[in-house]
$ cat run.txt   # compact mmCIF, C-alpha atoms and all ligand atoms
# COMPACT_ATOMS: atom_id res chain seq x y z
CA MET Z 2 -15.92 20.07 -24.97
CA LYS Z 3 -18.76 20.16 -22.49
CA LEU Z 4 -19.74 23.59 -21.24
CA LYS Z 5 -19.23 23.06 -17.52
CA ILE Z 6 -15.66 21.86 -17.99
CA LYS Z 7 -14.75 24.78 -20.17
CA LEU Z 8 -16.10 27.05 -17.46
CA LEU Z 9 -14.01 25.49 -14.78
CA ILE Z 10 -10.87 25.97 -16.78
CA ILE Z 11 -11.78 29.58 -17.43
CA VAL Z 12 -12.56 30.31 -13.81
CA LEU Z 13 -9.31 28.76 -12.74
CA THR Z 14 -7.34 30.69 -15.30
CA VAL Z 15 -8.45 34.00 -13.82
CA GLY Z 16 -5.28 35.54 -12.44
CA VAL Z 17 -2.59 33.22 -13.75
CA ILE Z 18 0.73 33.58 -11.99
CA ALA Z 19 3.94 32.72 -13.82
CA ALA Z 20 5.02 29.67 -11.85
CA PHE Z 21 2.17 28.68 -9.66
CA ALA Z 22 2.77 25.76 -7.38
CA ILE Z 23 1.18 24.95 -4.09
CA ARG Z 24 3.28 23.44 -1.33
CA LEU Z 25 1.44 21.02 0.90
CA PRO Z 26 0.48 21.13 3.65
CA SER Z 27 2.24 23.86 5.59
CA ALA Z 28 2.33 26.76 3.15
CA THR Z 29 -1.37 26.45 2.31
CA ALA Z 30 -2.17 27.36 5.90
CA GLN Z 31 0.26 30.27 5.92
CA THR Z 32 -0.16 31.89 2.52
CA GLN Z 33 -1.39 35.44 2.90
CA THR Z 34 -5.03 35.70 2.02
CA VAL Z 35 -5.94 37.80 -0.97
CA THR Z 36 -9.61 38.77 -0.70
CA ALA Z 37 -12.19 38.69 -3.48
CA GLY Z 38 -12.58 42.44 -3.00
CA GLN Z 39 -8.89 42.91 -3.85
CA LYS Z 40 -8.69 40.49 -6.73
CA PHE Z 41 -11.99 40.80 -8.62
CA LYS Z 42 -13.47 43.83 -10.37
CA ASN Z 43 -17.05 44.33 -9.19
CA ILE Z 44 -17.56 42.85 -5.74
CA LYS Z 45 -20.22 44.29 -3.44
CA VAL Z 46 -20.95 41.49 -0.96
CA LEU Z 47 -18.19 38.89 -1.04
CA ASN Z 48 -15.50 41.52 -0.35
CA ASP Z 49 -13.81 39.77 2.58
CA MET Z 50 -14.02 36.24 1.17
CA PRO Z 51 -10.65 34.69 0.31
CA ALA Z 52 -10.36 35.17 -3.47
CA ASP Z 53 -9.44 31.49 -3.64
CA GLN Z 54 -13.07 30.56 -2.89
CA MET Z 55 -14.66 32.41 -5.84
CA GLY Z 56 -14.89 29.40 -8.17
CA GLN Z 57 -16.20 27.12 -5.45
CA VAL Z 58 -18.83 29.63 -4.28
CA MET Z 59 -20.05 30.23 -7.85
CA ASN Z 60 -20.28 26.48 -8.44
CA ILE Z 61 -22.18 25.95 -5.16
CA MET Z 62 -24.68 28.68 -6.10
CA SER Z 63 -25.14 27.30 -9.65
CA ALA Z 64 -25.57 23.70 -8.42
CA SER Z 65 -27.96 24.72 -5.61
CA LEU Z 66 -30.23 26.46 -8.11
CA GLY Z 67 -29.64 23.94 -10.91
CA VAL Z 68 -28.55 26.67 -13.32
CA ASP Z 69 -25.61 27.79 -15.50
CA CYS Z 70 -23.47 30.86 -14.85
CA LYS Z 71 -25.59 32.66 -17.44
CA MET Z 72 -28.55 32.85 -15.11
CA CYS Z 73 -26.76 35.69 -13.31
CA HIS Z 74 -24.00 36.72 -15.72
CA VAL Z 75 -24.12 38.22 -19.20
CA SER Z 76 -22.18 35.28 -20.58
CA ASN Z 77 -21.23 31.74 -19.58
CA ASP Z 78 -17.52 32.28 -20.04
CA LYS Z 79 -16.51 35.92 -19.77
CA ASP Z 80 -17.30 39.42 -18.42
CA PHE Z 81 -18.32 38.09 -15.02
CA GLU Z 82 -17.78 41.53 -13.48
CA LYS Z 83 -20.60 43.07 -15.54
CA ASP Z 84 -23.94 43.79 -13.90
CA GLY Z 85 -27.27 44.03 -15.73
CA ILE Z 86 -28.92 40.69 -15.09
CA ASP Z 87 -31.46 41.10 -12.26
CA HIS Z 88 -30.67 37.66 -10.90
CA LYS Z 89 -27.15 38.79 -10.04
CA ASP Z 90 -28.52 41.45 -7.70
CA ILE Z 91 -31.07 39.04 -6.27
CA ALA Z 92 -28.19 36.62 -5.61
CA ARG Z 93 -26.30 39.38 -3.76
CA LYS Z 94 -29.35 39.87 -1.53
CA MET Z 95 -29.70 36.10 -1.07
CA ILE Z 96 -26.08 35.79 0.05
CA LYS Z 97 -26.64 38.51 2.66
CA MET Z 98 -29.91 36.91 3.74
CA THR Z 99 -28.25 33.50 4.15
CA TRP Z 100 -25.52 35.04 6.31
CA GLU Z 101 -28.13 36.87 8.39
CA LEU Z 102 -30.14 33.70 8.97
CA ASN Z 103 -27.10 31.81 10.19
CA LYS Z 104 -25.95 34.70 12.34
CA THR Z 105 -29.33 35.44 13.89
CA TYR Z 106 -30.79 31.97 14.31
CA PHE Z 107 -27.92 29.47 14.22
CA GLU Z 108 -25.21 31.08 16.36
CA GLY Z 109 -23.21 31.89 13.25
CA LYS Z 110 -22.90 28.23 12.25
CA PRO Z 111 -23.27 27.59 8.51
CA GLU Z 112 -26.56 25.66 8.87
CA VAL Z 113 -28.56 27.37 6.12
CA SER Z 114 -27.16 27.40 2.58
CA CYS Z 115 -28.60 28.21 -0.85
CA ASN Z 116 -29.43 24.54 -1.22
CA THR Z 117 -31.39 24.36 2.06
CA CYS Z 118 -34.17 26.29 0.33
CA HIS Z 119 -33.46 25.89 -3.37
CA ASN Z 120 -32.62 22.16 -3.40
CA GLY Z 121 -31.61 22.24 -7.07
CA HIS Z 122 -34.44 24.58 -8.18
CA GLU Z 123 -34.37 28.15 -9.43
CA ARG Z 124 -37.31 28.91 -7.16
CA PRO Z 125 -37.78 27.01 -3.92
CA VAL Z 126 -40.87 24.85 -3.66
CA ALA Z 127 -43.04 26.47 -1.00
CA LEU Z 128 -45.89 24.00 -0.73
CA PRO Z 129 -45.55 20.56 0.82
CA SER Z 130 -46.12 17.64 -1.54
CA LEU Z 131 -49.51 15.95 -1.41
CA LEU Z 132 -48.03 12.66 -2.64
CA PRO Z 133 -47.11 10.00 -0.07
CA PRO Z 134 -43.52 10.56 1.13
CA PRO Z 135 -40.89 8.08 -0.14
CA PRO Z 136 -40.18 5.28 2.36
CA PRO Z 137 -37.35 6.20 4.75
CA VAL Z 138 -33.98 4.60 4.07
CA GLU Z 139 -33.15 2.62 7.16
CA ARG Z 140 -29.66 1.83 8.36
CA PRO Z 141 -28.87 -1.89 8.48
CA LYS Z 142 -28.79 -3.64 11.87
CA GLN Z 143 -25.58 -2.57 13.62
CA PRO Z 144 -23.08 -5.32 14.53
CA ALA Z 145 -22.95 -6.38 18.20
CA VAL Z 146 -19.16 -6.01 18.12
CA LYS Z 147 -17.86 -3.08 16.10
CA PRO Z 148 -15.32 -4.02 13.42
CA THR Z 149 -11.91 -2.46 14.04
CA VAL Z 150 -10.23 -0.23 11.49
CA ASP Z 151 -7.43 -2.82 11.24
CA GLU Z 152 -9.96 -5.47 10.24
CA ILE Z 153 -11.53 -3.21 7.63
CA LEU Z 154 -8.11 -2.32 6.16
CA ALA Z 155 -6.95 -5.94 6.15
CA LYS Z 156 -10.09 -6.90 4.24
CA TYR Z 157 -9.44 -4.08 1.78
CA GLU Z 158 -5.84 -5.24 1.27
CA THR Z 159 -7.12 -8.73 0.45
CA ALA Z 160 -9.73 -7.25 -1.91
CA LEU Z 161 -6.97 -5.46 -3.84
CA GLY Z 162 -5.14 -8.75 -4.34
CA GLY Z 163 -3.11 -9.16 -1.15
CA LYS Z 164 0.16 -7.84 0.27
CA ASP Z 165 2.43 -9.81 -2.09
CA SER Z 166 0.72 -8.69 -5.30
CA LEU Z 167 0.70 -5.10 -4.07
CA ALA Z 168 4.40 -5.22 -3.15
CA LYS Z 169 5.31 -6.14 -6.74
CA VAL Z 170 3.90 -2.84 -8.03
CA LYS Z 171 6.42 0.01 -7.73
CA SER Z 172 4.76 2.30 -10.24
CA ARG Z 173 1.79 2.48 -12.58
CA HIS Z 174 1.34 4.00 -16.01
CA ILE Z 175 -2.40 4.14 -16.59
CA LYS Z 176 -4.29 4.80 -19.80
CA ALA Z 177 -7.86 5.94 -19.30
CA ASN Z 178 -10.75 7.89 -20.74
CA ARG Z 179 -12.35 10.85 -19.06
CA VAL Z 180 -16.06 10.48 -19.75
CA GLU Z 181 -18.13 13.65 -19.38
CA PRO Z 182 -21.64 13.61 -17.84
CA ASP Z 183 -23.35 13.39 -21.26
CA GLY Z 184 -21.78 9.92 -21.50
CA LYS Z 185 -20.55 10.67 -25.05
CA THR Z 186 -17.83 13.28 -24.76
CA VAL Z 187 -14.59 11.50 -24.00
CA GLU Z 188 -11.07 12.83 -23.48
CA PRO Z 189 -8.07 10.49 -23.41
CA GLU Z 190 -6.03 10.56 -20.20
CA GLU Z 191 -2.72 9.20 -19.06
CA ILE Z 192 -1.79 8.90 -15.40
CA TRP Z 193 1.57 8.12 -13.85
CA LEU Z 194 1.80 7.05 -10.19
CA LYS Z 195 4.85 6.20 -8.16
CA GLY Z 196 5.35 6.30 -4.38
CA GLY Z 197 2.52 8.78 -3.77
CA LYS Z 198 3.67 11.00 -6.67
CA TYR Z 199 1.18 11.75 -9.39
CA ARG Z 200 0.97 13.11 -12.90
CA SER Z 201 -2.02 13.14 -15.19
CA GLU Z 202 -2.49 14.50 -18.68
CA THR Z 203 -5.96 15.02 -20.13
CA LYS Z 204 -6.22 15.84 -23.84
CA TYR Z 205 -9.02 18.20 -24.89
CA ALA Z 206 -8.19 18.08 -28.61
CA ASP Z 207 -4.95 20.09 -28.76
CA TYR Z 208 -5.31 21.54 -25.24
CA VAL Z 209 -3.55 19.36 -22.68
CA VAL Z 210 -4.28 19.80 -18.98
CA THR Z 211 -1.49 18.43 -16.79
CA GLU Z 212 -1.82 17.88 -13.05
CA LEU Z 213 1.33 17.17 -11.11
CA TYR Z 214 2.09 16.33 -7.51
CA ASP Z 215 5.77 15.61 -6.86
CA GLY Z 216 5.44 14.69 -3.19
CA LYS Z 217 5.71 18.32 -2.04
CA ASP Z 218 4.25 20.70 -4.60
CA ALA Z 219 1.12 20.46 -6.68
CA LEU Z 220 0.61 22.30 -9.92
CA LYS Z 221 -1.62 22.42 -12.94
CA LEU Z 222 -0.78 23.37 -16.50
CA GLY Z 223 -2.85 24.17 -19.58
CA ASN Z 224 -0.43 23.22 -22.37
CA THR Z 225 2.72 24.86 -20.99
CA GLU Z 226 1.08 27.68 -19.01
CA ALA Z 227 0.42 27.43 -15.29
CA ILE Z 228 -3.24 27.37 -14.28
CA GLU Z 229 -4.02 28.67 -10.82
CA LEU Z 230 -4.62 25.81 -8.45
CA LYS Z 231 -6.71 26.27 -5.32
CA ALA Z 232 -5.39 24.97 -2.01
CA PHE Z 233 -8.36 22.61 -1.84
CA GLU Z 234 -7.74 21.22 -5.33
CA ALA Z 235 -4.08 20.69 -4.54
CA GLU Z 236 -5.01 18.89 -1.34
CA GLN Z 237 -7.40 16.57 -3.18
CA MET Z 238 -4.90 15.84 -5.94
CA LYS Z 239 -2.40 14.84 -3.30
CA ARG Z 240 -4.93 12.64 -1.49
CA ASP Z 241 -6.08 10.89 -4.69
CA ALA Z 242 -2.43 10.08 -5.37
CA GLN Z 243 -1.78 8.87 -1.81
CA ILE Z 244 -4.76 6.59 -1.45
CA PHE Z 245 -4.99 5.02 -4.91
CA ALA Z 246 -4.85 1.23 -4.40
CA ASN Z 247 -3.15 1.82 -1.05
CA PRO Z 248 -4.56 -0.19 1.86
CA ASP Z 249 -2.00 1.37 4.22
CA LEU Z 250 -4.35 4.25 4.93
CA LYS Z 251 -2.94 4.63 8.43
CA SER Z 252 0.14 6.18 6.83
CA VAL Z 253 -2.04 8.73 5.01
CA TYR Z 254 -4.41 9.83 7.78
CA ALA Z 255 -3.67 10.74 11.40
CA LYS Z 256 -6.78 8.99 12.65
CA LEU Z 257 -9.33 6.50 11.34
CA ASP Z 258 -12.56 5.62 13.15
CA PHE Z 259 -15.27 3.15 12.24
CA ARG Z 260 -18.61 4.96 12.72
CA PHE Z 261 -21.52 2.74 11.69
CA LEU Z 262 -22.89 0.33 9.14
CA ASN Z 263 -24.83 2.00 6.35
CA ARG Z 264 -26.45 1.09 3.05
CA ILE Z 265 -25.55 2.58 -0.35
CA ASP Z 266 -27.36 1.39 -3.47
CA GLY Z 267 -28.60 -1.64 -1.57
CA ARG Z 268 -25.13 -2.72 -0.41
CA GLU Z 269 -24.00 -2.71 3.21
CA VAL Z 270 -21.01 -0.47 3.82
CA TYR Z 271 -18.66 0.46 6.65
CA MET Z 272 -18.58 4.21 7.26
CA VAL Z 273 -15.13 5.33 8.40
CA THR Z 274 -14.15 8.85 9.44
CA ALA Z 275 -10.60 9.72 8.36
CA THR Z 276 -8.92 12.70 10.03
CA THR Z 277 -5.88 14.33 8.42
CA ALA Z 278 -2.83 15.60 10.32
CA ASP Z 279 -4.17 19.16 10.01
CA ASN Z 280 -7.48 18.02 11.51
CA ARG Z 281 -9.65 17.90 8.41
CA ARG Z 282 -12.26 15.18 8.25
CA GLU Z 283 -12.99 12.96 5.31
CA GLN Z 284 -15.24 9.97 4.96
CA LEU Z 285 -14.18 6.59 3.62
CA VAL Z 286 -16.75 3.99 2.67
CA PHE Z 287 -15.95 0.28 2.31
CA ASP Z 288 -18.20 -2.44 0.89
CA VAL Z 289 -18.86 -5.00 3.65
CA LEU Z 290 -19.18 -7.95 1.28
CA THR Z 291 -16.20 -7.31 -1.03
CA GLY Z 292 -13.99 -5.25 1.31
CA GLN Z 293 -13.43 -2.71 -1.49
CA LEU Z 294 -13.11 1.03 -0.94
CA VAL Z 295 -16.17 2.39 -2.75
CA ARG Z 296 -16.27 6.07 -1.82
CA ARG Z 297 -14.28 8.95 -0.41
CA VAL Z 298 -15.86 12.27 0.56
CA ALA Z 299 -13.98 15.43 1.45
CA SER Z 300 -15.09 19.01 1.79
CA ALA Z 301 -13.76 22.51 2.18
CA MET Z 302 -15.56 25.31 3.99
CA THR Z 303 -16.51 28.41 1.99
CA VAL Z 304 -18.32 31.60 3.05
CA ILE Z 305 -21.64 30.08 1.90
CA GLY Z 306 -21.17 26.56 3.26
CA GLN Z 307 -19.35 23.31 2.47
CA PHE Z 308 -17.93 22.58 -0.98
CA GLN Z 309 -18.10 18.81 -1.27
CA TYR Z 310 -15.82 16.54 -3.25
CA GLN Z 311 -16.85 12.92 -3.75
CA VAL Z 312 -14.95 10.11 -5.43
CA ASP Z 313 -16.77 6.84 -6.17
CA TYR Z 314 -14.74 3.75 -7.04
CA SER Z 315 -16.39 0.84 -8.86
CA ASP Z 316 -15.90 -2.00 -11.31
CA TYR Z 317 -12.81 -3.42 -9.55
CA LYS Z 318 -10.88 -5.74 -11.87
CA ASP Z 319 -7.43 -7.20 -12.34
CA LEU Z 320 -5.28 -4.46 -13.87
CA GLY Z 321 -1.53 -4.97 -13.69
CA GLY Z 322 -1.69 -7.82 -11.16
CA VAL Z 323 -3.82 -5.94 -8.63
CA LYS Z 324 -7.57 -5.39 -8.44
CA LEU Z 325 -8.16 -1.73 -9.30
CA PRO Z 326 -11.34 0.30 -9.70
CA ALA Z 327 -11.70 0.46 -13.50
CA SER Z 328 -14.28 3.20 -13.04
CA THR Z 329 -13.87 6.26 -10.81
CA ARG Z 330 -16.48 8.98 -10.68
CA PHE Z 331 -15.41 12.41 -9.45
CA ALA Z 332 -18.10 14.86 -8.35
CA MET Z 333 -18.30 18.33 -6.85
CA PRO Z 334 -20.95 21.04 -7.12
CA GLY Z 335 -21.58 21.69 -10.81
CA ILE Z 336 -18.84 19.33 -12.04
CA THR Z 337 -18.73 15.56 -12.55
CA TRP Z 338 -16.76 13.21 -14.73
CA THR Z 339 -15.82 9.55 -14.76
CA ARG Z 340 -12.39 8.08 -15.30
CA LYS Z 341 -12.48 4.71 -17.07
CA ILE Z 342 -9.20 2.84 -16.99
CA THR Z 343 -8.38 0.91 -20.16
CA GLU Z 344 -4.81 -0.24 -19.51
CA VAL Z 345 -2.24 -0.37 -16.69
CA LYS Z 346 1.49 -0.94 -17.17
CA ILE Z 347 3.50 -1.55 -14.03
CA ASN Z 348 7.08 -0.65 -13.11
CA THR Z 349 7.88 1.40 -16.21
CA VAL Z 350 7.63 4.93 -14.78
CA ASP Z 351 10.72 7.12 -14.58
CA ASP Z 352 11.07 9.62 -11.70
CA ALA Z 353 11.63 12.42 -14.24
CA LYS Z 354 7.89 12.25 -15.04
CA PHE Z 355 7.24 14.06 -11.73
CA THR Z 356 9.73 16.88 -12.20
CA ALA Z 357 7.98 20.23 -12.49
CA PRO Z 358 8.77 22.11 -15.72
CA LYS Z 359 10.94 25.23 -15.36
C1 LIG Y 1 -27.18 32.78 -8.72
C2 LIG Y 1 -26.39 33.80 -9.38
C3 LIG Y 1 -25.00 33.46 -9.85
C4 LIG Y 1 -24.60 32.37 -10.57
C5 LIG Y 1 -25.44 31.19 -11.03
C6 LIG Y 1 -23.19 32.56 -10.84
N1 LIG Y 1 -22.77 33.74 -10.32
FE1 LIG Y 1 -20.91 34.54 -10.45
N2 LIG Y 1 -21.45 36.13 -9.35
C7 LIG Y 1 -22.70 36.30 -8.80
C8 LIG Y 1 -22.70 37.49 -7.98
C9 LIG Y 1 -23.87 38.03 -7.17
C10 LIG Y 1 -21.39 38.04 -8.06
C11 LIG Y 1 -20.88 39.30 -7.37
C12 LIG Y 1 -20.66 39.04 -5.91
C13 LIG Y 1 -20.47 40.31 -5.11
O1 LIG Y 1 -20.84 41.41 -5.57
O2 LIG Y 1 -19.96 40.22 -3.98
C14 LIG Y 1 -20.65 37.15 -8.94
C15 LIG Y 1 -19.32 37.34 -9.29
C16 LIG Y 1 -18.56 36.49 -10.08
C17 LIG Y 1 -17.18 36.68 -10.43
C18 LIG Y 1 -16.32 37.88 -10.06
C19 LIG Y 1 -16.33 38.88 -11.20
C20 LIG Y 1 -15.62 40.19 -10.89
O3 LIG Y 1 -14.48 40.37 -11.36
O4 LIG Y 1 -16.20 41.00 -10.16
C21 LIG Y 1 -16.81 35.62 -11.20
C22 LIG Y 1 -15.42 35.35 -11.80
C23 LIG Y 1 -17.96 34.77 -11.32
N3 LIG Y 1 -19.02 35.32 -10.64
C24 LIG Y 1 -17.99 33.59 -12.05
C25 LIG Y 1 -19.08 32.75 -12.14
C26 LIG Y 1 -19.07 31.50 -12.86
C27 LIG Y 1 -17.89 30.94 -13.63
C28 LIG Y 1 -20.30 30.94 -12.72
C29 LIG Y 1 -20.79 29.60 -13.23
C30 LIG Y 1 -20.03 28.44 -12.76
C31 LIG Y 1 -21.09 31.86 -11.90
N4 LIG Y 1 -20.32 32.95 -11.59
C32 LIG Y 1 -22.40 31.65 -11.54
C33 LIG Y 1 -23.81 35.50 -9.00
C34 LIG Y 1 -23.83 34.31 -9.69
C1 LIG Y 2 -34.39 30.80 3.35
C2 LIG Y 2 -34.57 30.29 2.00
C3 LIG Y 2 -33.62 30.74 0.93
C4 LIG Y 2 -32.25 30.72 0.93
C5 LIG Y 2 -31.33 30.27 2.05
C6 LIG Y 2 -31.81 31.17 -0.36
N1 LIG Y 2 -32.89 31.49 -1.14
FE1 LIG Y 2 -32.87 32.22 -3.02
N2 LIG Y 2 -34.88 32.36 -3.02
C7 LIG Y 2 -35.70 31.96 -1.98
C8 LIG Y 2 -37.08 32.14 -2.38
C9 LIG Y 2 -38.29 31.79 -1.54
C10 LIG Y 2 -37.07 32.66 -3.70
C11 LIG Y 2 -38.23 32.95 -4.62
C12 LIG Y 2 -38.74 34.32 -4.47
C13 LIG Y 2 -39.80 34.57 -5.53
O1 LIG Y 2 -40.45 33.62 -5.97
O2 LIG Y 2 -39.91 35.71 -5.95
C14 LIG Y 2 -35.65 32.79 -4.05
C15 LIG Y 2 -35.23 33.29 -5.27
C16 LIG Y 2 -33.89 33.34 -5.67
C17 LIG Y 2 -33.45 33.85 -6.95
C18 LIG Y 2 -34.35 34.37 -8.05
C19 LIG Y 2 -34.91 33.23 -8.86
C20 LIG Y 2 -35.89 33.65 -9.93
O3 LIG Y 2 -36.00 32.91 -10.93
O4 LIG Y 2 -36.52 34.69 -9.77
C21 LIG Y 2 -32.10 33.73 -6.98
C22 LIG Y 2 -31.16 34.10 -8.11
C23 LIG Y 2 -31.69 33.15 -5.69
N3 LIG Y 2 -32.82 32.95 -4.93
C24 LIG Y 2 -30.38 32.84 -5.35
C25 LIG Y 2 -30.03 32.35 -4.09
C26 LIG Y 2 -28.64 32.10 -3.72
C27 LIG Y 2 -27.43 32.28 -4.63
C28 LIG Y 2 -28.68 31.65 -2.43
C29 LIG Y 2 -27.48 31.29 -1.54
C30 LIG Y 2 -26.50 32.32 -1.38
C31 LIG Y 2 -30.06 31.63 -2.01
N4 LIG Y 2 -30.86 32.05 -3.05
C32 LIG Y 2 -30.49 31.25 -0.75
C33 LIG Y 2 -35.31 31.43 -0.77
C34 LIG Y 2 -34.01 31.24 -0.36
$ encode --input "run.txt" --output "structure tokens"
Amino acid sequence: MKLKIKLLIIVLTVGVIAAFAIRLPSATAQTQTVTAGQKFKNIKVLNDMPADQMGQVMNIMSASLGVDCKMCHVSNDKDFEKDGIDHKDIARKMIKMTWELNKTYFEGKPEVSCNTCHNGHERPVALPSLLPPPPPVERPKQPAVKPTVDEILAKYETALGGKDSLAKVKSRHIKANRVEPDGKTVEPEEIWLKGGKYRSETKYADYVVTELYDGKDALKLGNTEAIELKAFEAEQMKRDAQIFANPDLKSVYAKLDFRFLNRIDGREVYMVTATTADNRREQLVFDVLTGQLVRRVASAMTVIGQFQYQVDYSDYKDLGGVKLPASTRFAMPGITWTRKITEVKINTVDDAKFTAPK
């Protein structure tokens, strides 16, 4: 198992609660906030941060510096409360400095983050490069008449195979492989989808991670034990389930706005802002030529800036009578993996698959 993934599971397992489910969306906004100071053992700076954000903040710091947990901790997978590595104390100072900069110079807005200076390096590069700068990436010429969201969604529906083909699919049982960033480590996955409900099982040898969203509650299990699920993770699990091969995105989001024409990897794309009912913004990106949804970006605010979550859909092909992205890459700070679909069976899924275990 690749290191980073093991770490995520360990971080998430900190503080397991017997039956941990997250109700969406109302309860996530109301749950009483446990702070990092209350929950963790040796906190000197992040005391008032919601404890929920610990994993995200640690992953943002690691990704911004391009390092493993071990740069600041005595080990990559345990004893995170221990001090003794100088970098941990430097990081404490850096967190305070970042807050000060934003407070003093940016009206408290989270403009400066670890990555602003570090940009993936342990030590920021102080001197400007003497090489010629790379050519700027220019936006394509904007259309005289803006495309409407309805037009973009209609094109997407056609790209998936059309209304009639989509209507024939009531459920999907998907077999896939989870490919880790090294390109070699592969874990088999099964996914069940029906009416916006979702279940996935990923097999790390004899350790099975189950993710379940039954339409109301989201939960995560490691074998039969509950793994703590963050509100943000639950939200993204729900969204992935809702939007998979679903051109009716107006039923998922409260508001959709076409913003501008952009270019990604040489292809022209429509940039669409999608606003959820609780006023969170996501970005949807559609290929102009094929009409396919190629990217979704969401983010959650933490005490040291945005934690981004990006899903890239590619390699659309006929799977179960509808064109589906055979390859989906999931990425967030410090964590990436790709889901490669190998087989899709339609209309075989029983509702019991989505019942949470007692
Ligand atoms: C750049 C340094 C740095 C990196 C990299 C880093 N951490 Fe931390 N970590 C800290 C600091 C600093 C604290 C203490 C924060 C405070 O005192 O408010 C901390 C605290 C923690 C705690 C709370 C421990 C306790 O009970 O007090 C956990 C858990 C943790 N880190 C996990 C991780 C994991 C997992 C990774 C790798 C994904 C990681 N950290 C990477 C600097 C770092
Ligand atoms: C305003 C710019 C800036 C910001 C923002 C910033 N840093 Fe730094 N950081 C630096 C500079 C410059 C150094 C190098 C100092 C040196 O060379 O001794 C550094 C050094 C470090 C080091 C020590 C690296 C080493 O190998 O000695 C750590 C750890 C670190 N920063 C963590 C962080 C974390 C975590 C954040 C976000 C909470 C952060 N920094 C935000 C500028 C910044």
$ atom_distance --input "run.txt" --atom1 "CA of Lys359 in chain Z" --atom2 "CA of Lys176 in chain Z"
25.9 Å
$ residues_near_ligand --input "run.txt" --ligand "ligand LIG 1 (chain Y)" --cutoff "7 Å" --atoms "only C-alpha atoms and all ligand atoms" --output "VMD selection string"
chain Z and resid 8 to 9 12 41 to 48 55 to 56 59 to 60 62 to 63 68 to 74 77 to 78 81 to 82 88 to 90 92 to 93
$ closest_residue --input "run.txt" --among "Z:Val304, Z:His119, Z:Asn247, Z:Gly216" --to "Asn103 in chain Z" --atoms "only C-alpha atoms"
Z:Val304
$ residues_near_ligand --input "run.txt" --ligand "ligand LIG 2 (chain Y)" --cutoff "9 Å" --atoms "only C-alpha atoms and all ligand atoms" --output "number ranges by chain"
Z: 58-59, 61-63, 65-66, 72-73, 87-100, 102, 113-119, 122-127, 305
$ residues_near_point --input "run.txt" --point "(-5.2, 10.2, 15.5)" --cutoff "12 Å" --atoms "all atoms listed in the file" --output "number ranges by chain"
Z: 251-258, 274-282
$ write_last_selection --input "run.txt" --atoms "C-alpha atoms" --output "PDB file, in the coordinates of the input"
ATOM      1  CA  LYS Z 251      -2.940   4.630   8.430  1.00  0.00           C
ATOM      2  CA  SER Z 252       0.140   6.180   6.830  1.00  0.00           C
ATOM      3  CA  VAL Z 253      -2.040   8.730   5.010  1.00  0.00           C
ATOM      4  CA  TYR Z 254      -4.410   9.830   7.780  1.00  0.00           C
ATOM      5  CA  ALA Z 255      -3.670  10.740  11.400  1.00  0.00           C
ATOM      6  CA  LYS Z 256      -6.780   8.990  12.650  1.00  0.00           C
ATOM      7  CA  LEU Z 257      -9.330   6.500  11.340  1.00  0.00           C
ATOM      8  CA  ASP Z 258     -12.560   5.620  13.150  1.00  0.00           C
ATOM      9  CA  THR Z 274     -14.150   8.850   9.440  1.00  0.00           C
ATOM     10  CA  ALA Z 275     -10.600   9.720   8.360  1.00  0.00           C
ATOM     11  CA  THR Z 276      -8.920  12.700  10.030  1.00  0.00           C
ATOM     12  CA  THR Z 277      -5.880  14.330   8.420  1.00  0.00           C
ATOM     13  CA  ALA Z 278      -2.830  15.600  10.320  1.00  0.00           C
ATOM     14  CA  ASP Z 279      -4.170  19.160  10.010  1.00  0.00           C
ATOM     15  CA  ASN Z 280      -7.480  18.020  11.510  1.00  0.00           C
ATOM     16  CA  ARG Z 281      -9.650  17.900   8.410  1.00  0.00           C
ATOM     17  CA  ARG Z 282     -12.260  15.180   8.250  1.00  0.00           C
TER      18      ARG Z 282
END
$ atom_distance --input "run.txt" --atom1 "CA of Thr159 in chain Z" --atom2 "CA of Phe261 in chain Z"
21.6 Å
$ residues_around --input "run.txt" --residues "Tyr214 in chain Z" --least-positions-apart "3" --cutoff "7 Å" --atoms "all atoms listed in the file" --output "number ranges by chain"
Z: 198-200, 217-220, 239
$ closest_residue --input "run.txt" --among "Z:Asn348, Z:Leu194, Z:Tyr205, Z:Thr303" --to "Ile244 in chain Z" --atoms "all atoms listed in the file"
Z:Leu194
$ atom_distance --input "run.txt" --atom1 "CA of Gly184 in chain Z" --atom2 "CA of Asp313 in chain Z"
16.4 Å
$ closest_residue --input "run.txt" --among "Z:Arg179, Z:Lys318, Z:Pro248, Z:Gln284" --to "Glu152 in chain Z" --atoms "only C-alpha atoms"
Z:Pro248
$ closest_residue --input "run.txt" --among "Z:Lys221, Z:Lys341, Z:Lys156, Z:Arg297" --to "Tyr310 in chain Z" --atoms "only C-alpha atoms"
Z:Arg297
$ closest_residue --input "run.txt" --among "Z:Val295, Z:Ala357, Z:Ala246, Z:Ile265" --to "Gly162 in chain Z" --atoms "all atoms listed in the file"
Z:Ala246
$ closest_residue --input "run.txt" --among "Z:Lys195, Z:Lys164, Z:Lys40, Z:Arg296" --to "Ala332 in chain Z" --atoms "all atoms listed in the file"
Z:Arg296
$ residues_around --input "run.txt" --residues "Asp288 in chain Z" --least-positions-apart "2" --cutoff "10 Å" --atoms "all atoms listed in the file" --output "list of chain:residue names"
Z:Ile153, Z:Lys156, Z:Tyr157, Z:Leu262, Z:Asn263, Z:Arg264, Z:Ile265, Z:Arg268, Z:Glu269, Z:Val270, Z:Tyr271, Z:Met272, Z:Val286, Z:Leu290, Z:Thr291, Z:Gly292, Z:Gln293, Z:Leu294, Z:Val295, Z:Arg296
